[in-house]
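Notes to accompany the following structure.
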Amino acid sequence: LINVVPNSDDPEHVRAAEAKRQSQFESIDLLTGRLEPELGGSPDLLDFIGMNYYPANQWYLGGSTIPLGHYAYRPLSEMLKEAQQRYNKPIFLAETGAEGSSRAAWLSYVCAEVRDAIAQGVPFAGICLYPVVDYPGWEDERICPVGLLSTPDSHGTRTPYPPQAQELRRQQRIFARARNQVHAVGQMTPEQHTDQVR
């Protein structure tokens, strides 16, 4: 999932930003037959759609990343809803996570946005926290502090990152309560449900 915003009102720049944003759907459009159907794609090939989302997934075309909270930052719930409605399949976050001290705050934000998407009727299958362990960087092999668990110490033991572990447990409780409430409402008579809403 990406959001690409033009740096100016120039029509060509606006078109280029939107073309870049739409490129996020190209591979799934091919698989589902929306694009180049002669290749044999079909909606029946997919049961659900997995999307990746990270803190740097929104930016100005040819420019800087848009920070969370900025007026140009698009809510994740809207992006999830757009992708789900495009393909009419349940959706899940196949990868999401942040680095360093922002890990727990990012998880909190993502989970709140997922709940908002669910409240808007988006069928949602789950969230994959990725990566779950710290790892050597792709380009410089520095240890990237991104995981729930550290790199192994000299004894091969990994330790949890406490803020992330606490936030993960908190989010699991919130989702469990929401699931239980939905289940309980489903068990109610219409009269009981009306009383519960009041």
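For the structure tokens, the naming scheme is as follows: chains receive sequential letters (A, B, ...) according to their order of presentation, residues are indexed from 1 within each chain, and ligands are indexed from 1 in presentation order.
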If you run DSSP on the backbone here, which positions in region 13-193 of chain A get helix (DSSP H, G or I)? Please write them as JSON, numbers by chain. {"A": [13, 14, 15, 16, 17, 18, 19, 20, 21, 22, 23, 24, 25, 26, 27, 28, 29, 30, 31, 32, 37, 38, 39, 43, 44, 45, 76, 77, 78, 79, 80, 81, 82, 83, 84, 85, 86, 87, 100, 101, 102, 103, 104, 105, 106, 107, 108, 109, 110, 111, 112, 113, 114, 115, 116, 117, 118, 119, 162, 163, 164, 165, 166, 167, 168, 169, 170, 171, 172, 173, 174, 175, 176, 177, 178, 179, 180, 181, 182, 183, 184, 185, 186, 187, 190, 191, 192, 193]}
If you take only C-alpha atoms and a cut-off of 10 Å, which residues of region 80-163 of chain A touch region 32-43 of chain A, and what are their nearest atom pairs and distances in Å to one decimal, in chain and number order, as JSON lines?
{"residue": "A:Arg86", "atom": "CA", "partner": "A:Arg34", "partner_atom": "CA", "distance": 9.9}
{"residue": "A:Tyr87", "atom": "CA", "partner": "A:Pro43", "partner_atom": "CA", "distance": 7.5}
{"residue": "A:Asn88", "atom": "CA", "partner": "A:Pro43", "partner_atom": "CA", "distance": 8.9}
{"residue": "A:Lys89", "atom": "CA", "partner": "A:Pro43", "partner_atom": "CA", "distance": 8.8}
Dump as a PDB file, in the first residue's frame, selection limited to C-alpha atoms:
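Result file follows (selection_5.pdb):
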ATOM      1  CA  ARG A  86     -11.081  -2.864  -5.716  1.00  0.00           C
ATOM      2  CA  TYR A  87     -10.866  -6.668  -5.546  1.00  0.00           C
ATOM      3  CA  ASN A  88     -13.895  -7.566  -3.416  1.00  0.00           C
ATOM      4  CA  LYS A  89     -11.811  -9.983  -1.354  1.00  0.00           C
TER       5      LYS A  89
END
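In this model, the gap between CA of Pro152 (chain A) and CA of Pro136 (chain A) comes to 11.9 Å.
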Please identify which residues in chain A DSSP calls strand (DSSP E) from the backbone, and express them as a PyMOL selection string. chain A and resi 3-5+49-53+58-60+91-96+124-129+135-136+143-144
Output N, CA and C atoms of each residue in that selection to a file, as a compact mmCIF listing (two decimals), in the first residue's frame.
# COMPACT_ATOMS: atom_id res chain seq x y z
N ASN A 3 0.89 5.72 -0.89
CA ASN A 3 0.21 6.96 -1.25
C ASN A 3 1.27 7.91 -1.78
N VAL A 4 1.07 8.39 -3.00
CA VAL A 4 2.03 9.29 -3.64
C VAL A 4 1.30 10.59 -3.95
N VAL A 5 1.83 11.69 -3.45
CA VAL A 5 1.18 12.99 -3.52
C VAL A 5 1.99 13.90 -4.44
N ILE A 49 -6.43 -10.83 -0.21
CA ILE A 49 -5.37 -9.96 -0.71
C ILE A 49 -4.46 -9.58 0.45
N GLY A 50 -3.16 -9.81 0.29
CA GLY A 50 -2.18 -9.39 1.29
C GLY A 50 -1.45 -8.15 0.82
N MET A 51 -1.39 -7.14 1.68
CA MET A 51 -0.71 -5.88 1.36
C MET A 51 0.34 -5.58 2.42
N ASN A 52 1.44 -4.96 2.01
CA ASN A 52 2.49 -4.54 2.94
C ASN A 52 2.34 -3.04 3.22
N TYR A 53 2.66 -2.63 4.45
CA TYR A 53 2.57 -1.20 4.78
C TYR A 53 3.57 -0.84 5.86
N GLN A 58 4.29 6.48 2.27
CA GLN A 58 3.61 7.65 1.72
C GLN A 58 4.68 8.72 1.47
N TRP A 59 4.68 9.30 0.26
CA TRP A 59 5.69 10.31 -0.05
C TRP A 59 5.19 11.25 -1.14
N TYR A 60 5.90 12.40 -1.23
CA TYR A 60 5.68 13.33 -2.33
C TYR A 60 6.44 12.82 -3.54
N ILE A 91 -9.02 -8.84 3.10
CA ILE A 91 -7.67 -8.29 3.01
C ILE A 91 -6.92 -8.54 4.31
N PHE A 92 -5.60 -8.58 4.23
CA PHE A 92 -4.80 -8.64 5.45
C PHE A 92 -3.49 -7.89 5.22
N LEU A 93 -2.88 -7.45 6.31
CA LEU A 93 -1.58 -6.82 6.23
C LEU A 93 -0.54 -7.92 6.29
N ALA A 94 0.13 -8.16 5.17
CA ALA A 94 1.09 -9.25 5.07
C ALA A 94 2.43 -8.87 5.71
N GLU A 95 2.74 -7.58 5.75
CA GLU A 95 3.95 -7.09 6.40
C GLU A 95 3.68 -5.70 6.96
N THR A 96 4.05 -5.46 8.20
CA THR A 96 4.07 -4.10 8.75
C THR A 96 4.98 -4.08 9.95
N PHE A 124 -11.54 -8.35 7.16
CA PHE A 124 -10.11 -8.32 7.43
C PHE A 124 -9.66 -9.63 8.02
N ALA A 125 -8.54 -10.17 7.49
CA ALA A 125 -8.09 -11.50 7.87
C ALA A 125 -6.95 -11.52 8.88
N GLY A 126 -6.21 -10.42 9.07
CA GLY A 126 -5.15 -10.44 10.06
C GLY A 126 -4.02 -9.45 9.77
N ILE A 127 -3.09 -9.40 10.71
CA ILE A 127 -1.92 -8.52 10.63
C ILE A 127 -0.68 -9.36 10.89
N CYS A 128 0.30 -9.26 10.01
CA CYS A 128 1.58 -9.95 10.19
C CYS A 128 2.64 -8.93 10.57
N LEU A 129 3.10 -8.99 11.81
CA LEU A 129 4.18 -8.13 12.27
C LEU A 129 5.47 -8.65 11.65
N TYR A 135 17.45 -7.97 12.42
CA TYR A 135 18.20 -8.63 11.35
C TYR A 135 19.27 -7.70 10.80
N PRO A 136 20.27 -8.24 10.10
CA PRO A 136 21.27 -7.40 9.44
C PRO A 136 20.63 -6.67 8.26
N ILE A 143 22.76 -3.97 12.30
CA ILE A 143 21.63 -4.66 12.93
C ILE A 143 20.45 -3.70 12.99
N CYS A 144 19.36 -4.07 12.33
CA CYS A 144 18.16 -3.23 12.29
C CYS A 144 17.26 -3.60 13.46
Between region 51-122 of chain A and region 175-178 of chain A, at 12 Å or less, what are the per-residue closest atom pairs and their distances in Å? Count only C-alpha atoms, order by chain and rising residue number, and return it as a Markdown table.
| residue | atom | partner | partner_atom | distance |
| --- | --- | --- | --- | --- |
| A:Ser108 | CA | A:Phe175 | CA | 11.8 |
| A:Cys111 | CA | A:Phe175 | CA | 8.8 |
| A:Ala112 | CA | A:Phe175 | CA | 9.9 |
| A:Val114 | CA | A:Phe175 | CA | 10.1 |
| A:Arg115 | CA | A:Phe175 | CA | 8.2 |
| A:Asp116 | CA | A:Ala178 | CA | 11.9 |
| A:Ile118 | CA | A:Ala178 | CA | 10.6 |
| A:Ala119 | CA | A:Ala178 | CA | 10.6 |
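CA of Asn7 (chain A) is found 24.1 Å from CA of Ala83 (chain A).
Between CA of Leu31 (chain A) and CA of Gln85 (chain A) lies a distance of 16.0 Å.
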